[in-house]
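Q: My file is work21.txt. It has compact mmCIF, C-alpha atoms:
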# COMPACT_ATOMS: atom_id res chain seq x y z
CA MET D 1 -10.09 16.15 -32.59
CA SER D 2 -6.35 16.06 -31.89
CA GLY D 3 -5.27 17.78 -28.69
CA THR D 4 -8.69 17.39 -27.10
CA PRO D 5 -8.41 15.08 -24.11
CA LEU D 6 -11.12 12.46 -24.18
CA THR D 7 -12.65 10.85 -21.15
CA ALA D 8 -13.92 7.30 -21.10
CA ALA D 9 -17.45 8.53 -20.43
CA ALA D 10 -17.35 10.81 -23.50
CA CYS D 11 -16.46 7.77 -25.66
CA GLY D 12 -19.29 5.63 -24.31
CA LEU D 13 -16.88 3.57 -22.24
CA LEU D 14 -16.85 2.72 -18.55
CA SER D 15 -14.02 1.61 -16.33
CA CYS D 16 -14.73 -1.08 -13.75
CA HIS D 17 -14.31 0.17 -10.17
CA VAL D 18 -13.02 -3.23 -9.04
CA CYS D 19 -10.57 -4.36 -11.73
CA GLY D 20 -10.17 -1.17 -13.79
CA LEU D 21 -11.01 -2.82 -17.10
CA VAL D 22 -12.40 -0.40 -19.69
CA SER D 23 -15.46 -1.74 -21.49
CA LYS D 24 -18.42 -0.53 -23.55
CA ALA D 25 -21.13 1.20 -21.54
CA PRO D 26 -24.47 -0.65 -21.46
CA PRO D 27 -27.44 1.02 -23.18
CA GLU D 28 -29.15 3.79 -21.21
CA GLY D 29 -31.39 2.53 -18.43
CA THR D 30 -29.83 -0.93 -18.10
CA THR D 31 -27.18 -2.06 -15.67
CA GLY D 32 -24.05 -3.57 -17.11
CA HIS D 33 -21.53 -5.92 -15.58
CA CYS D 34 -17.81 -5.95 -16.07
CA PRO D 35 -16.83 -8.62 -18.64
CA ARG D 36 -13.73 -9.53 -16.62
CA CYS D 37 -14.80 -9.52 -12.98
CA SER D 38 -18.60 -9.21 -13.35
CA ALA D 39 -18.81 -6.31 -10.91
CA ARG D 40 -21.70 -3.94 -11.51
CA LEU D 41 -20.65 -1.05 -13.76
CA HIS D 42 -21.25 2.57 -12.81
CA ARG D 43 -20.41 5.65 -14.83
CA ARG D 44 -19.58 7.45 -11.56
CA LYS D 45 -19.83 6.30 -7.96
CA PRO D 46 -23.61 6.14 -7.28
CA ASP D 47 -25.06 9.05 -5.25
CA SER D 48 -21.51 10.13 -4.55
CA VAL D 49 -22.28 13.73 -3.57
CA ALA D 50 -25.34 13.00 -1.41
CA ARG D 51 -23.62 10.19 0.49
CA ALA D 52 -20.46 12.23 1.03
CA TRP D 53 -22.54 15.17 2.33
CA ALA D 54 -24.40 12.94 4.79
CA LEU D 55 -21.21 11.42 6.18
CA LEU D 56 -19.46 14.77 6.30
CA SER D 57 -22.32 16.46 8.20
CA ALA D 58 -22.24 13.67 10.77
CA ALA D 59 -18.48 14.17 11.10
CA TYR D 60 -18.93 17.93 11.70
CA ILE D 61 -21.38 17.19 14.50
CA MET D 62 -19.10 14.63 16.14
CA TYR D 63 -16.14 17.03 15.95
CA LEU D 64 -17.66 19.11 18.78
CA PRO D 65 -17.86 16.43 21.50
CA ALA D 66 -14.53 15.07 20.26
CA ASN D 67 -12.84 18.31 21.22
CA LEU D 68 -14.93 19.42 24.19
CA LEU D 69 -15.25 16.19 26.20
CA PRO D 70 -12.31 14.54 27.97
CA ILE D 71 -10.47 11.96 25.89
CA MET D 72 -8.50 10.60 28.84
CA GLU D 73 -9.19 10.36 32.55
CA THR D 74 -6.20 10.08 34.86
CA GLY D 75 -6.72 9.05 38.45
CA SER D 76 -4.08 8.84 41.17
CA LEU D 77 -3.56 9.33 44.92
CA PHE D 78 -3.43 13.05 44.33
CA GLY D 79 -6.82 13.32 42.71
CA SER D 80 -8.12 12.87 39.21
CA GLN D 81 -7.65 14.84 36.06
CA ASN D 82 -9.59 14.97 32.81
CA ASP D 83 -7.73 15.71 29.61
CA THR D 84 -9.22 16.94 26.37
CA ILE D 85 -7.22 16.59 23.16
CA LEU D 86 -6.11 20.21 23.39
CA SER D 87 -5.07 20.02 27.04
CA GLY D 88 -3.03 16.93 26.18
CA VAL D 89 -1.18 18.95 23.56
CA ILE D 90 -0.59 21.77 26.06
CA TYR D 91 0.72 19.25 28.59
CA LEU D 92 3.19 17.85 26.04
CA TRP D 93 4.30 21.39 25.18
CA HIS D 94 4.95 22.39 28.79
CA SER D 95 6.72 19.15 29.65
CA GLY D 96 9.38 19.94 27.07
CA SER D 97 8.34 17.66 24.19
CA TRP D 98 7.33 20.52 21.92
CA ASP D 99 8.05 18.42 18.82
CA LEU D 100 5.53 15.77 19.84
CA ALA D 101 3.10 18.49 20.86
CA VAL D 102 3.27 19.78 17.29
CA VAL D 103 2.78 16.25 15.86
CA VAL D 104 -0.26 15.58 18.02
CA PHE D 105 -1.71 19.04 17.38
CA ILE D 106 -1.40 18.57 13.62
CA ALA D 107 -2.65 14.98 13.59
CA SER D 108 -5.52 15.35 16.04
CA ILE D 109 -6.81 18.90 15.71
CA MET D 110 -5.66 20.47 12.45
CA VAL D 111 -5.88 17.47 10.11
CA PRO D 112 -9.45 16.40 10.95
CA PHE D 113 -10.68 19.99 10.70
CA LEU D 114 -8.84 20.86 7.48
CA LYS D 115 -9.99 17.55 6.04
CA MET D 116 -13.63 18.42 6.65
CA VAL D 117 -13.12 21.92 5.21
CA ALA D 118 -11.40 20.45 2.13
CA LEU D 119 -14.20 17.93 1.56
CA THR D 120 -16.78 20.72 1.94
CA LEU D 121 -14.93 22.80 -0.64
CA LEU D 122 -14.74 19.85 -3.05
CA LEU D 123 -18.43 18.98 -2.63
CA VAL D 124 -19.62 22.58 -3.08
CA SER D 125 -17.43 23.10 -6.15
CA VAL D 126 -18.64 19.83 -7.71
CA GLN D 127 -22.29 20.67 -7.04
CA ARG D 128 -21.91 24.07 -8.70
CA ARG D 129 -20.19 22.33 -11.62
CA ALA D 130 -17.19 24.61 -11.18
CA SER D 131 -14.37 24.27 -13.69
CA TRP D 132 -11.61 26.15 -11.88
CA LEU D 133 -8.27 24.59 -10.97
CA PRO D 134 -9.22 20.94 -11.56
CA VAL D 135 -5.65 19.69 -11.12
CA GLN D 136 -5.29 21.44 -7.77
CA ARG D 137 -8.67 20.21 -6.55
CA THR D 138 -7.76 16.64 -7.55
CA LYS D 139 -4.50 17.03 -5.64
CA LEU D 140 -6.43 18.31 -2.64
CA TYR D 141 -8.62 15.19 -2.77
CA ARG D 142 -5.54 12.98 -2.97
CA LEU D 143 -4.10 14.75 0.07
CA VAL D 144 -7.33 14.25 2.02
CA GLU D 145 -7.25 10.52 1.24
CA LEU D 146 -3.58 10.21 2.14
CA VAL D 147 -3.65 12.12 5.39
CA GLY D 148 -6.98 11.02 6.88
CA ARG D 149 -5.75 7.84 8.52
CA TRP D 150 -3.12 9.67 10.60
CA SER D 151 -5.85 11.23 12.71
CA MET D 152 -6.28 7.86 14.40
CA LEU D 153 -3.11 8.73 16.31
CA ASP D 154 -4.82 9.93 19.47
CA ILE D 155 -7.02 6.85 19.67
CA TYR D 156 -3.91 4.66 19.69
CA VAL D 157 -2.15 6.83 22.26
CA VAL D 158 -5.12 6.50 24.60
CA THR D 159 -5.30 2.75 23.93
CA ILE D 160 -1.69 2.19 24.96
CA LEU D 161 -1.91 4.49 27.98
CA ALA D 162 -5.17 2.97 29.21
CA ALA D 163 -3.70 -0.52 28.92
CA LEU D 164 -0.41 0.26 30.62
CA VAL D 165 -1.23 2.73 33.34
CA GLN D 166 -3.26 0.46 35.58
CA LEU D 167 -1.13 0.79 38.69
CA GLY D 168 -3.87 0.62 41.26
CA SER D 169 -3.94 3.62 43.59
CA LEU D 170 -0.73 5.09 42.13
CA ALA D 171 -2.18 5.95 38.78
CA THR D 172 -4.87 4.72 36.44
CA ILE D 173 -5.75 6.00 33.01
CA THR D 174 -9.03 5.28 31.28
CA ALA D 175 -10.35 6.39 27.91
CA GLY D 176 -12.91 9.20 28.04
CA PRO D 177 -16.11 9.73 26.04
CA ALA D 178 -14.33 11.98 23.51
CA ALA D 179 -12.37 8.97 22.28
CA LEU D 180 -15.55 7.53 20.82
CA ALA D 181 -16.57 10.84 19.22
CA PHE D 182 -13.08 11.33 17.86
CA GLY D 183 -12.96 7.82 16.41
CA ALA D 184 -16.31 8.54 14.77
CA VAL D 185 -14.93 11.73 13.16
CA VAL D 186 -12.00 9.84 11.68
CA VAL D 187 -14.11 6.94 10.39
CA LEU D 188 -16.89 9.19 9.03
CA THR D 189 -14.49 11.49 7.15
CA MET D 190 -12.67 8.47 5.73
CA PHE D 191 -15.97 7.05 4.46
CA ALA D 192 -16.93 10.47 3.07
CA ALA D 193 -13.63 10.68 1.17
CA LEU D 194 -14.14 7.15 -0.16
CA GLN D 195 -17.64 8.03 -1.37
CA PHE D 196 -16.51 11.19 -3.15
CA ASP D 197 -15.79 10.62 -6.84
CA PRO D 198 -12.91 12.85 -8.04
CA ARG D 199 -13.99 12.34 -11.66
CA LEU D 200 -16.90 14.67 -10.88
CA ILE D 201 -14.32 17.49 -10.64
CA TRP D 202 -13.44 16.91 -14.31
CA ASP D 203 -16.90 16.29 -15.75
CA PRO D 204 -17.89 20.00 -16.12
CA LEU D 205 -14.77 20.59 -18.24
CA GLN D 206 -15.84 17.92 -20.68
CA LYS D 207 -19.30 19.49 -20.99
CA GLU D 208 -17.80 22.93 -21.64
CA ARG D 209 -15.58 21.56 -24.34
CA THR D 210 -18.33 19.72 -26.19
CA GLU D 211 -20.50 22.83 -26.07
CA HIS D 212 -17.70 24.89 -27.63
CA ASP D 213 -17.13 22.43 -30.48
CA MET Z 1 -16.98 -7.82 -25.56
CA SER Z 2 -14.57 -10.73 -25.07
CA ASN Z 3 -11.43 -8.83 -26.04
CA PRO Z 4 -10.41 -6.36 -23.34
CA LEU Z 5 -9.57 -2.95 -24.77
CA PRO Z 6 -5.94 -1.97 -24.31
CA LEU Z 7 -7.00 1.29 -22.71
CA ILE Z 8 -6.83 2.78 -19.24
CA ALA Z 9 -9.33 5.27 -17.89
CA CYS Z 10 -7.80 7.35 -15.10
CA HIS Z 11 -9.69 6.54 -11.90
CA GLU Z 12 -9.45 10.16 -10.76
CA CYS Z 13 -10.24 12.18 -13.92
CA ASP Z 14 -11.56 9.51 -16.36
CA LEU Z 15 -9.08 10.47 -19.10
CA LEU Z 16 -8.59 7.67 -21.64
CA GLN Z 17 -4.98 6.70 -22.12
CA ARG Z 18 -2.96 3.88 -23.59
CA GLU Z 19 -0.69 1.66 -21.58
CA VAL Z 20 2.94 2.62 -22.15
CA PRO Z 21 6.03 0.44 -21.67
CA ALA Z 22 8.14 1.42 -18.67
CA PRO Z 23 11.01 -0.17 -16.75
CA PRO Z 24 9.79 -2.54 -13.99
CA GLY Z 25 8.83 -0.85 -10.75
CA ARG Z 26 8.32 2.55 -12.37
CA VAL Z 27 5.10 4.41 -11.60
CA VAL Z 28 3.05 5.51 -14.61
CA ARG Z 29 0.94 8.62 -13.98
CA CYS Z 30 -2.08 10.16 -15.64
CA GLY Z 31 -1.06 12.83 -18.17
CA ARG Z 32 -3.80 15.20 -17.07
CA CYS Z 33 -4.25 14.97 -13.29
CA GLY Z 34 -1.10 13.12 -12.22
CA ALA Z 35 -2.88 10.23 -10.50
CA GLU Z 36 -0.94 6.98 -10.26
CA LEU Z 37 -2.32 4.77 -13.05
CA TYR Z 38 -0.21 1.69 -12.43
CA ARG Z 39 3.22 0.52 -11.48
CA SER Z 40 5.08 -1.22 -14.25
CA ALA Z 41 5.26 -4.91 -13.39
CA HIS Z 42 8.28 -7.09 -12.72
CA ALA Z 43 8.56 -10.34 -14.67
CA THR Z 44 7.64 -12.40 -11.59
CA VAL Z 45 5.70 -11.88 -8.38
CA ASP Z 46 8.64 -13.14 -6.28
CA ARG Z 47 9.38 -9.74 -4.79
CA PRO Z 48 5.95 -8.94 -3.24
CA LEU Z 49 5.61 -12.60 -2.21
CA ALA Z 50 8.92 -12.53 -0.33
CA PHE Z 51 8.05 -9.27 1.39
CA SER Z 52 4.58 -10.52 2.37
CA LEU Z 53 5.90 -13.79 3.78
CA ALA Z 54 8.50 -11.96 5.86
CA ALA Z 55 5.85 -9.48 7.01
CA ALA Z 56 3.56 -12.35 8.06
CA VAL Z 57 6.29 -13.81 10.29
CA LEU Z 58 6.95 -10.44 11.90
CA PHE Z 59 3.21 -9.86 12.29
CA ILE Z 60 2.93 -13.01 14.43
CA VAL Z 61 5.97 -12.03 16.52
CA ALA Z 62 4.66 -8.46 16.93
CA ASN Z 63 1.43 -9.79 18.36
CA ALA Z 64 2.90 -12.54 20.53
CA TYR Z 65 5.27 -10.32 22.53
CA PRO Z 66 4.64 -7.24 24.69
CA ILE Z 67 5.00 -3.85 23.03
CA VAL Z 68 6.01 -1.87 26.09
CA GLY Z 69 6.34 -2.34 29.80
CA LEU Z 70 6.07 0.12 32.64
CA ALA Z 71 7.91 -0.05 35.95
CA MET Z 72 6.87 2.20 38.82
CA GLN Z 73 7.65 1.80 42.52
CA GLY Z 74 8.14 -1.92 42.32
CA THR Z 75 5.08 -2.70 40.23
CA ARG Z 76 5.49 -3.80 36.67
CA LYS Z 77 2.97 -3.81 33.88
CA GLU Z 78 3.38 -4.74 30.25
CA THR Z 79 0.99 -5.12 27.38
CA THR Z 80 0.63 -6.77 24.01
CA LEU Z 81 -1.55 -5.31 21.28
CA LEU Z 82 -4.32 -7.76 22.02
CA GLY Z 83 -3.92 -6.99 25.72
CA ALA Z 84 -4.47 -3.29 25.03
CA VAL Z 85 -7.59 -4.07 23.01
CA HIS Z 86 -8.84 -6.25 25.83
CA ALA Z 87 -8.14 -3.54 28.43
CA LEU Z 88 -10.24 -1.04 26.50
CA TRP Z 89 -13.02 -3.59 26.16
CA SER Z 90 -13.12 -4.22 29.88
CA GLN Z 91 -13.27 -0.44 30.49
CA GLU Z 92 -16.62 -0.42 28.66
CA MET Z 93 -15.11 1.28 25.61
CA HIS Z 94 -16.41 -1.43 23.29
CA LEU Z 95 -16.62 0.53 20.04
CA ILE Z 96 -13.16 2.05 20.38
CA SER Z 97 -11.76 -1.32 21.32
CA ALA Z 98 -13.35 -2.84 18.20
CA LEU Z 99 -11.99 -0.01 16.05
CA VAL Z 100 -8.45 -0.56 17.34
CA PHE Z 101 -8.81 -4.32 16.86
CA LEU Z 102 -10.00 -3.88 13.27
CA THR Z 103 -7.41 -1.34 12.16
CA THR Z 104 -4.29 -2.80 13.77
CA LEU Z 105 -5.00 -6.54 13.93
CA LEU Z 106 -7.79 -7.89 11.78
CA VAL Z 107 -7.32 -5.80 8.63
CA PRO Z 108 -3.52 -6.24 8.42
CA ALA Z 109 -3.99 -9.98 9.08
CA ILE Z 110 -6.57 -10.29 6.29
CA GLU Z 111 -4.41 -8.22 3.95
CA LEU Z 112 -1.32 -10.36 4.53
CA ALA Z 113 -3.19 -13.68 4.32
CA VAL Z 114 -4.99 -12.66 1.13
CA MET Z 115 -1.82 -11.36 -0.53
CA ILE Z 116 0.13 -14.52 0.25
CA HIS Z 117 -2.70 -16.77 -0.98
CA LEU Z 118 -2.97 -14.69 -4.16
CA LEU Z 119 0.74 -14.40 -4.91
CA LEU Z 120 1.52 -18.07 -4.18
CA ALA Z 121 -1.07 -19.12 -6.77
CA LEU Z 122 0.08 -16.54 -9.33
CA GLN Z 123 3.69 -17.58 -8.87
CA ARG Z 124 2.73 -21.12 -9.90
CA GLY Z 125 0.85 -19.70 -12.89
CA ARG Z 126 -2.59 -20.44 -11.49
CA THR Z 127 -5.60 -18.31 -10.70
CA PRO Z 128 -6.30 -18.60 -6.98
CA ALA Z 129 -9.66 -19.93 -5.80
CA GLY Z 130 -12.27 -17.20 -5.36
CA PHE Z 131 -10.08 -14.72 -7.22
CA THR Z 132 -12.58 -11.91 -7.90
CA GLN Z 133 -14.01 -12.04 -4.37
CA ILE Z 134 -10.48 -11.88 -2.95
CA MET Z 135 -9.63 -8.85 -5.03
CA ARG Z 136 -12.78 -7.10 -3.85
CA VAL Z 137 -12.00 -7.87 -0.22
CA LEU Z 138 -8.45 -6.61 -0.65
CA GLN Z 139 -9.67 -3.39 -2.26
CA SER Z 140 -12.33 -2.59 0.33
CA VAL Z 141 -10.20 -3.53 3.33
CA SER Z 142 -6.90 -1.85 2.49
CA PRO Z 143 -7.73 1.77 3.49
CA TRP Z 144 -8.41 0.53 7.03
CA GLY Z 145 -5.06 -1.06 7.87
CA MET Z 146 -3.24 1.46 10.06
CA VAL Z 147 -0.22 -0.26 11.55
CA GLU Z 148 2.06 2.70 10.79
CA VAL Z 149 -0.26 5.15 12.56
CA PHE Z 150 -0.38 2.77 15.52
CA MET Z 151 3.42 2.78 15.63
CA LEU Z 152 3.48 6.59 15.90
CA GLY Z 153 0.80 6.30 18.60
CA ILE Z 154 3.04 3.98 20.61
CA LEU Z 155 5.91 6.47 20.37
CA VAL Z 156 3.76 9.38 21.54
CA ALA Z 157 2.44 7.28 24.44
CA LEU Z 158 5.99 6.32 25.42
CA VAL Z 159 7.12 9.94 25.54
CA LYS Z 160 4.12 10.80 27.72
CA LEU Z 161 5.00 7.96 30.08
CA THR Z 162 8.73 8.62 30.44
CA HIS Z 163 7.90 11.60 32.63
CA PHE Z 164 6.54 9.59 35.50
CA ALA Z 165 7.65 6.01 35.14
CA GLN Z 166 10.39 3.81 33.76
CA VAL Z 167 9.50 2.59 30.29
CA ILE Z 168 10.76 -0.78 29.05
CA PRO Z 169 10.52 -1.17 25.26
CA GLY Z 170 9.37 -4.69 24.37
CA ILE Z 171 10.31 -7.01 21.52
CA ALA Z 172 7.11 -6.18 19.67
CA LEU Z 173 8.04 -2.49 19.53
CA TRP Z 174 11.02 -3.19 17.27
CA THR Z 175 9.08 -5.84 15.39
CA PHE Z 176 6.29 -3.39 14.61
CA GLY Z 177 8.88 -0.97 13.21
CA ALA Z 178 10.29 -3.63 10.88
CA LEU Z 179 6.78 -4.83 10.00
CA ILE Z 180 5.82 -1.37 8.73
CA LEU Z 181 8.86 -1.26 6.44
CA LEU Z 182 8.13 -4.74 5.05
CA MET Z 183 4.45 -4.04 4.50
CA ALA Z 184 5.33 -0.82 2.68
CA ALA Z 185 7.85 -2.72 0.53
CA ALA Z 186 5.26 -5.41 -0.25
CA ALA Z 187 2.67 -2.80 -1.21
CA ALA Z 188 5.18 -0.91 -3.37
CA SER Z 189 6.11 -4.02 -5.36
CA PHE Z 190 2.49 -5.15 -5.79
CA ASP Z 191 0.29 -3.75 -8.52
CA ILE Z 192 -3.44 -4.46 -8.62
CA ARG Z 193 -3.59 -3.91 -12.38
CA ASP Z 194 -0.76 -6.37 -13.00
CA VAL Z 195 -2.48 -8.99 -10.82
CA TRP Z 196 -5.68 -8.70 -12.88
CA ASP Z 197 -3.69 -9.02 -16.09
CA ARG Z 198 -1.85 -12.10 -14.85
CA ALA Z 199 -5.03 -13.73 -13.65
CA SER Z 200 -6.90 -13.16 -16.91
CA ARG Z 201 -3.91 -14.49 -18.85
CA THR Z 202 -3.77 -17.72 -16.85
CA ARG Z 203 -7.52 -18.09 -17.15
CA ARG Z 204 -7.38 -17.83 -20.91
CA GLU Z 205 -4.69 -20.51 -20.96
CA ASP Z 206 -6.86 -22.73 -18.77
CA SER Z 207 -9.83 -22.52 -21.14
CA PRO Z 208 -8.65 -22.08 -24.71
Just dump the structure as structure tokens.
A:
Amino acid sequence: MSGTPLTAAACGLLSCHVCGLVSKAPPEGTTGHCPRCSARLHRRKPDSVARAWALLSAAYIMYLPANLLPIMETGSLFGSQNDTILSGVIYLWHSGSWDLAVVVFIASIMVPFLKMVALTLLLVSVQRRASWLPVQRTKLYRLVELVGRWSMLDIYVVTILAALVQLGSLATITAGPAALAFGAVVVLTMFAALQFDPRLIWDPLQKERTEHD
Amino acid sequence: MSNPLPLIACHECDLLQREVPAPPGRVVRCGRCGAELYRSAHATVDRPLAFSLAAAVLFIVANAYPIVGLAMQGTRKETTLLGAVHALWSQEMHLISALVFLTTLLVPAIELAVMIHLLLALQRGRTPAGFTQIMRVLQSVSPWGMVEVFMLGILVALVKLTHFAQVIPGIALWTFGALILLMAAAAASFDIRDVWDRASRTRREDSP
């Protein structure tokens, strides 16, 4: 027994997802409530994988219009110009602010994409009950949760620009249709990450161990 | 069922562990996956309360004054956060406008109000009214407060603008910077687990 890490689930215990209190699991087939905060108890987040897949698929779809449609429309005396996220980055690069170009490129293009790839990897590995590198996969999940919010950057940039640059015929900036798609990608991937239950990464290890014993 | 077990189950890998004593403010991590289990509590809640109160004052200032102004060929334009939200709304970008309003205004406001209400009661040794509901609201709302991302967004926008107009930083720009630091300090000195423990202790004293 000593040296074998024990999970709460293996001991017939559940931790409350609201207050964290560990309590006895209710008998099979009944729903229990936390003795401290009376929240409904779940062994794992309900339908975690299916819900995360649904949200993630929607995010993949929205990623296309987010990058292909213009996020910002600039109008002035000299004509109008439509900017996609990528062309905005290129503009920053050519105008000498290469550091900001890198920040925006990472926050708006790389992070959302890598986040979706990471969530896909986590979901596939959990569905196949993989037991490889659980610590690293948990760290990957933590990174996805930590970094996701920073993708909102471009939405805020457009917000400020659209509010400020309303100088009549000199220059006006309005938000383009990609802003909506991009916002949807950020919100959908955040919800997908919230739905994913990292404890599912560790469950196959427990099974393996009990089978060996 | 009445006695809570002195155990912690890691919320990321479900490993059962015992609470260990640690100096106040120190983060205790899961022995298997390294997730943050809890932050060892200070004797009082004065610290997070002070930070939250200061943050609330700055939050009001940050929203009352313009963030940035723009001067170009004699015309001048400046905007507050709410003004920017309103501008998006009037450009028929309703959903984006609502998203910005939620993440930079409503959620931080709820978070600050709820924390102050909670901590004021705990400081006087009482359980605040509607405690469990408040904790649930706080938990579900907190991933969506994005003031620090908004701040970076302002900076990027400013750099884009400096190329073709004169940019005038407003009072709220500096206030937002300070607000982020205070909110981070409040969050770092506030531990959800400790709040639950305090509340259940005061409850038990209320009804012996």
Q: Produce a table with one row for each residue of chain Z that has an atom at most 7 Å from any atom of chain D, each row naming the nearest atom pair and its distance in Å at one decimal; use only C-alpha atoms; arrange rows by chain and rising residue number; format as CSV.
A:
residue,atom,partner,partner_atom,distance
Z:Met1,CA,D:Pro35,CA,7.0
Z:Leu5,CA,D:Val22,CA,6.3
Z:Leu7,CA,D:Val22,CA,6.4
Z:Ile8,CA,D:Val22,CA,6.4
Z:Ala9,CA,D:Ala8,CA,6.0
Z:Glu12,CA,D:Arg199,CA,5.1
Z:Cys13,CA,D:Arg199,CA,4.4
Z:Asp14,CA,D:Thr7,CA,5.1
Z:Leu15,CA,D:Thr7,CA,4.1
Z:Leu16,CA,D:Thr7,CA,5.2
Z:Cys33,CA,D:Val135,CA,5.4
Z:Leu70,CA,D:Leu164,CA,6.8
Z:Lys77,CA,D:Leu164,CA,6.2
Z:Glu78,CA,D:Leu164,CA,6.3
Z:Thr79,CA,D:Leu164,CA,6.4
Z:Ala84,CA,D:Ala163,CA,4.8
Z:Ala87,CA,D:Ala163,CA,5.4
Z:Leu88,CA,D:Thr159,CA,6.7
Z:Ile96,CA,D:Leu180,CA,6.0
Z:Thr132,CA,D:Cys37,CA,6.0
Z:Arg136,CA,D:Val18,CA,6.5
Z:Val149,CA,D:Trp150,CA,5.7
Z:Phe150,CA,D:Tyr156,CA,5.8
Z:Leu152,CA,D:Leu153,CA,6.9
Z:Gly153,CA,D:Val157,CA,4.7
Z:Ile154,CA,D:Val157,CA,6.1
Z:Val156,CA,D:Val157,CA,6.5
Z:Ala157,CA,D:Val157,CA,5.1
Z:Trp196,CA,D:Cys19,CA,6.6
Q: Show me, as a PyMOL selection string, the residues that have an atom within 6 Å of range 184-193 of chain Z when counting all atoms listed in the file, minus same-chain residues fewer than 5 positions from it.
A: chain Z and resi 39+48+51-52
Q: In Å, rounded to a single decimal, give me how far CA of Met62 in chain D is from CA of Leu105 in chain Z.
A: 25.5 Å
Q: Tell me which of Z:Ala113, Z:Met93, Z:Val100, Z:Met151 sits closest to Thr175 in chain Z, counting all atoms listed in the file.
A: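 Closest to Thr175 in chain Z, using all atoms listed in the file: Z:Met151.
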Q: Have a look at CA of Ser200 in chain Z and CA of Ala35 in chain Z and let me know their distance in Å, one decimal.
A: 24.6 Å
